[in-house]
$ cat protein.cif   # mmCIF, C-alpha atoms
data_model
loop_
_atom_site.group_PDB
_atom_site.id
_atom_site.type_symbol
_atom_site.label_atom_id
_atom_site.label_comp_id
_atom_site.auth_asym_id
_atom_site.auth_seq_id
_atom_site.Cartn_x
_atom_site.Cartn_y
_atom_site.Cartn_z
ATOM 1 C CA MET A 29 46.886 -126.617 -32.069
ATOM 2 C CA PRO A 30 47.070 -130.224 -33.261
ATOM 3 C CA LEU A 31 50.128 -132.263 -32.373
ATOM 4 C CA VAL A 32 51.027 -132.758 -36.041
ATOM 5 C CA GLU A 33 51.294 -128.986 -36.550
ATOM 6 C CA VAL A 34 53.517 -128.656 -33.476
ATOM 7 C CA ILE A 35 55.836 -131.368 -34.814
ATOM 8 C CA ILE A 36 55.938 -129.742 -38.269
ATOM 9 C CA VAL A 37 56.810 -126.352 -36.741
ATOM 10 C CA LEU A 38 59.576 -127.952 -34.655
ATOM 11 C CA ILE A 39 61.006 -129.672 -37.739
ATOM 12 C CA VAL A 40 60.922 -126.446 -39.781
ATOM 13 C CA VAL A 41 62.599 -124.451 -37.003
ATOM 14 C CA GLY A 42 65.235 -127.149 -36.603
ATOM 15 C CA VAL A 43 66.001 -127.264 -40.319
ATOM 16 C CA LEU A 44 66.193 -123.465 -40.534
ATOM 17 C CA LEU A 45 68.548 -123.329 -37.552
ATOM 18 C CA TRP A 46 70.693 -126.071 -39.077
ATOM 19 C CA LEU A 47 70.844 -124.202 -42.400
ATOM 20 C CA VAL A 48 71.889 -120.984 -40.668
ATOM 21 C CA ASN A 49 74.546 -122.790 -38.634
ATOM 22 C CA ARG A 50 75.831 -124.736 -41.635
ATOM 23 C CA PHE A 51 75.884 -122.179 -44.436
ATOM 24 C CA ILE A 52 76.219 -118.740 -42.838
ATOM 25 C CA PRO A 53 79.743 -118.110 -41.589
ATOM 26 C CA MET A 54 79.848 -116.558 -38.140
ATOM 27 C CA ALA A 55 81.895 -116.737 -34.983
ATOM 28 C CA GLY A 56 81.331 -119.660 -32.642
ATOM 29 C CA SER A 57 80.148 -117.443 -29.808
ATOM 30 C CA ILE A 58 77.503 -115.853 -32.015
ATOM 31 C CA LYS A 59 76.303 -119.306 -33.107
ATOM 32 C CA MET A 60 76.037 -120.350 -29.471
ATOM 33 C CA ILE A 61 73.988 -117.244 -28.595
ATOM 34 C CA LEU A 62 71.750 -117.715 -31.649
ATOM 35 C CA ASN A 63 71.136 -121.370 -30.777
ATOM 36 C CA ALA A 64 70.340 -120.489 -27.165
ATOM 37 C CA VAL A 65 67.888 -117.760 -28.182
ATOM 38 C CA VAL A 66 66.112 -120.066 -30.629
ATOM 39 C CA VAL A 67 65.894 -122.899 -28.069
ATOM 40 C CA ILE A 68 64.535 -120.565 -25.367
ATOM 41 C CA ALA A 69 61.976 -119.119 -27.799
ATOM 42 C CA VAL A 70 60.849 -122.599 -28.861
ATOM 43 C CA VAL A 71 60.526 -123.754 -25.240
ATOM 44 C CA ILE A 72 58.437 -120.686 -24.352
ATOM 45 C CA TRP A 73 56.286 -121.253 -27.440
ATOM 46 C CA LEU A 74 55.770 -124.913 -26.503
ATOM 47 C CA LEU A 75 54.782 -123.920 -22.967
ATOM 48 C CA LYS A 76 52.209 -121.510 -24.414
ATOM 49 C CA VAL A 77 50.888 -124.092 -26.881
ATOM 50 C CA PHE A 78 50.368 -126.709 -24.177
ATOM 51 C CA GLY A 79 48.887 -124.154 -21.770
ATOM 52 C CA LEU A 80 51.570 -124.441 -19.098
ATOM 53 C CA LEU A 81 52.690 -120.833 -19.350
ATOM 54 C CA ASP A 82 49.236 -119.518 -18.481
ATOM 55 C CA SER A 83 49.150 -121.482 -15.230
ATOM 56 C CA LEU A 84 52.607 -120.223 -14.298
ATOM 57 C CA SER A 85 51.528 -116.595 -14.676
ATOM 58 C CA ASN A 86 49.076 -116.984 -11.753
ATOM 59 C CA ILE A 87 51.911 -117.584 -9.266
ATOM 60 C CA THR A 88 52.589 -114.572 -7.025
ATOM 61 C CA VAL A 89 55.698 -113.911 -4.965
ATOM 62 C CA GLY A 90 55.435 -112.091 -1.653
#
$ encode --input "protein.cif" --output "C-alpha cells"
Amino acid sequence: MPLVEVIIVLIVVGVLLWLVNRFIPMAGSIKMILNAVVVIAVVIWLLKVFGLLDSLSNITVG
C-alpha cells in the first residue's frame, strides 16, 4: 500500500473520530473507550500494512 494511501486513511479516520467526539453526545467514559479502541485498531492496521505484525506472529513462547 503506498504511503499516500496510508496517510489519507489516517486523516479520514482521524476526522471521523473527531466528528463522533464533537457532535455525538455521550458520556466521557464511553468516549475514552471509543478513542482507545480506534487507536488500538489503527495501530494494529499500521503494523499489518508495514509487515511488522507478520514477523511478530512467528514468535513462540515456551
$ resolve_selection --input "protein.cif" --expression "the PyMOL selection byres ((chain A and resi 67-75) around 12)" --output "PyMOL selection string"
chain A and resi 29+31+33-35+37-42+45+60-66+76-85
$ atom_distance --input "protein.cif" --atom1 "atom CA of A:Leu44" --atom2 "atom CA of A:Ile58"
16.1 Å
$ axis_aligned_box --input "protein.cif" --around "stretch 32-40 of chain A" --padding-each-side "4 Å" --output "lines of an AutoDock Vina configuration file"
center_x = 56.0
center_y = -129.6
center_z = -36.6
size_x = 18.0
size_y = 14.4
size_z = 14.3
$ atom_distance --input "protein.cif" --atom1 "atom CA of A:Lys59" --atom2 "atom CA of A:Trp46"
10.6 Å
$ decode --input "protein.cif" --residues "stretch 43-82 of chain A" --atoms "N, CA and C atoms" --output "short mmCIF file (atom, residue, chain, number, x, y, z; two decimals), in the first residue's frame"
data_model
loop_
_atom_site.label_atom_id
_atom_site.label_comp_id
_atom_site.auth_asym_id
_atom_site.auth_seq_id
_atom_site.Cartn_x
_atom_site.Cartn_y
_atom_site.Cartn_z
N VAL A 43 -10.52 12.35 11.20
CA VAL A 43 -11.65 13.28 11.04
C VAL A 43 -12.95 12.63 11.49
N LEU A 44 -13.15 11.36 11.14
CA LEU A 44 -14.37 10.67 11.58
C LEU A 44 -14.43 10.56 13.10
N LEU A 45 -13.30 10.24 13.72
CA LEU A 45 -13.28 10.15 15.18
C LEU A 45 -13.54 11.52 15.80
N TRP A 46 -12.98 12.56 15.23
CA TRP A 46 -13.22 13.91 15.74
C TRP A 46 -14.70 14.28 15.60
N LEU A 47 -15.31 13.95 14.46
CA LEU A 47 -16.73 14.26 14.26
C LEU A 47 -17.60 13.52 15.28
N VAL A 48 -17.28 12.26 15.53
CA VAL A 48 -18.06 11.50 16.51
C VAL A 48 -17.90 12.11 17.90
N ASN A 49 -16.66 12.44 18.26
CA ASN A 49 -16.43 13.02 19.58
C ASN A 49 -17.05 14.40 19.72
N ARG A 50 -17.10 15.16 18.65
CA ARG A 50 -17.58 16.54 18.71
C ARG A 50 -19.10 16.64 18.67
N PHE A 51 -19.74 15.84 17.81
CA PHE A 51 -21.16 16.07 17.54
C PHE A 51 -22.10 15.02 18.08
N ILE A 52 -21.60 13.90 18.57
CA ILE A 52 -22.48 12.89 19.15
C ILE A 52 -22.33 12.94 20.67
N PRO A 53 -23.39 13.31 21.37
CA PRO A 53 -23.28 13.40 22.82
C PRO A 53 -23.21 12.02 23.47
N MET A 54 -22.19 11.84 24.30
CA MET A 54 -22.04 10.59 25.03
C MET A 54 -21.20 10.85 26.26
N ALA A 55 -21.27 9.93 27.19
CA ALA A 55 -20.53 10.08 28.44
C ALA A 55 -19.02 10.07 28.17
N GLY A 56 -18.28 10.72 29.05
CA GLY A 56 -16.84 10.81 28.89
C GLY A 56 -16.14 9.47 28.90
N SER A 57 -16.65 8.55 29.72
CA SER A 57 -16.01 7.23 29.78
C SER A 57 -16.21 6.46 28.48
N ILE A 58 -17.37 6.62 27.86
CA ILE A 58 -17.62 5.95 26.60
C ILE A 58 -16.74 6.54 25.50
N LYS A 59 -16.55 7.86 25.52
CA LYS A 59 -15.65 8.50 24.55
C LYS A 59 -14.23 7.97 24.71
N MET A 60 -13.80 7.82 25.96
CA MET A 60 -12.45 7.34 26.21
C MET A 60 -12.28 5.91 25.68
N ILE A 61 -13.27 5.06 25.91
CA ILE A 61 -13.21 3.67 25.42
C ILE A 61 -13.23 3.65 23.90
N LEU A 62 -14.09 4.45 23.28
CA LEU A 62 -14.17 4.53 21.83
C LEU A 62 -12.84 4.98 21.23
N ASN A 63 -12.25 6.02 21.82
CA ASN A 63 -10.96 6.51 21.33
C ASN A 63 -9.88 5.45 21.47
N ALA A 64 -9.86 4.74 22.58
CA ALA A 64 -8.86 3.70 22.79
C ALA A 64 -9.02 2.57 21.79
N VAL A 65 -10.26 2.15 21.53
CA VAL A 65 -10.50 1.08 20.57
C VAL A 65 -10.06 1.49 19.17
N VAL A 66 -10.37 2.71 18.78
CA VAL A 66 -9.99 3.19 17.45
C VAL A 66 -8.47 3.28 17.34
N VAL A 67 -7.80 3.79 18.36
CA VAL A 67 -6.34 3.91 18.32
C VAL A 67 -5.69 2.53 18.26
N ILE A 68 -6.17 1.58 19.04
CA ILE A 68 -5.61 0.22 19.01
C ILE A 68 -5.84 -0.42 17.64
N ALA A 69 -7.02 -0.24 17.07
CA ALA A 69 -7.31 -0.80 15.75
C ALA A 69 -6.41 -0.18 14.68
N VAL A 70 -6.18 1.12 14.76
CA VAL A 70 -5.33 1.79 13.78
C VAL A 70 -3.88 1.33 13.93
N VAL A 71 -3.41 1.16 15.16
CA VAL A 71 -2.04 0.69 15.37
C VAL A 71 -1.87 -0.73 14.83
N ILE A 72 -2.83 -1.60 15.08
CA ILE A 72 -2.76 -2.97 14.55
C ILE A 72 -2.80 -2.95 13.03
N TRP A 73 -3.63 -2.10 12.45
CA TRP A 73 -3.70 -1.99 11.00
C TRP A 73 -2.38 -1.50 10.43
N LEU A 74 -1.77 -0.50 11.07
CA LEU A 74 -0.48 0.01 10.61
C LEU A 74 0.60 -1.06 10.70
N LEU A 75 0.59 -1.85 11.77
CA LEU A 75 1.56 -2.93 11.89
C LEU A 75 1.39 -3.95 10.77
N LYS A 76 0.14 -4.23 10.40
CA LYS A 76 -0.11 -5.16 9.29
C LYS A 76 0.33 -4.56 7.96
N VAL A 77 0.06 -3.28 7.76
CA VAL A 77 0.41 -2.63 6.50
C VAL A 77 1.92 -2.63 6.29
N PHE A 78 2.67 -2.35 7.35
CA PHE A 78 4.12 -2.28 7.23
C PHE A 78 4.79 -3.64 7.42
N GLY A 79 4.00 -4.69 7.62
CA GLY A 79 4.54 -6.04 7.68
C GLY A 79 5.18 -6.41 9.00
N LEU A 80 4.99 -5.63 10.04
CA LEU A 80 5.59 -5.94 11.33
C LEU A 80 4.78 -6.95 12.11
N LEU A 81 3.50 -7.03 11.86
CA LEU A 81 2.65 -7.97 12.59
C LEU A 81 2.92 -9.41 12.16
N ASP A 82 3.25 -9.60 10.90
CA ASP A 82 3.55 -10.94 10.41
C ASP A 82 4.80 -11.51 11.06
#
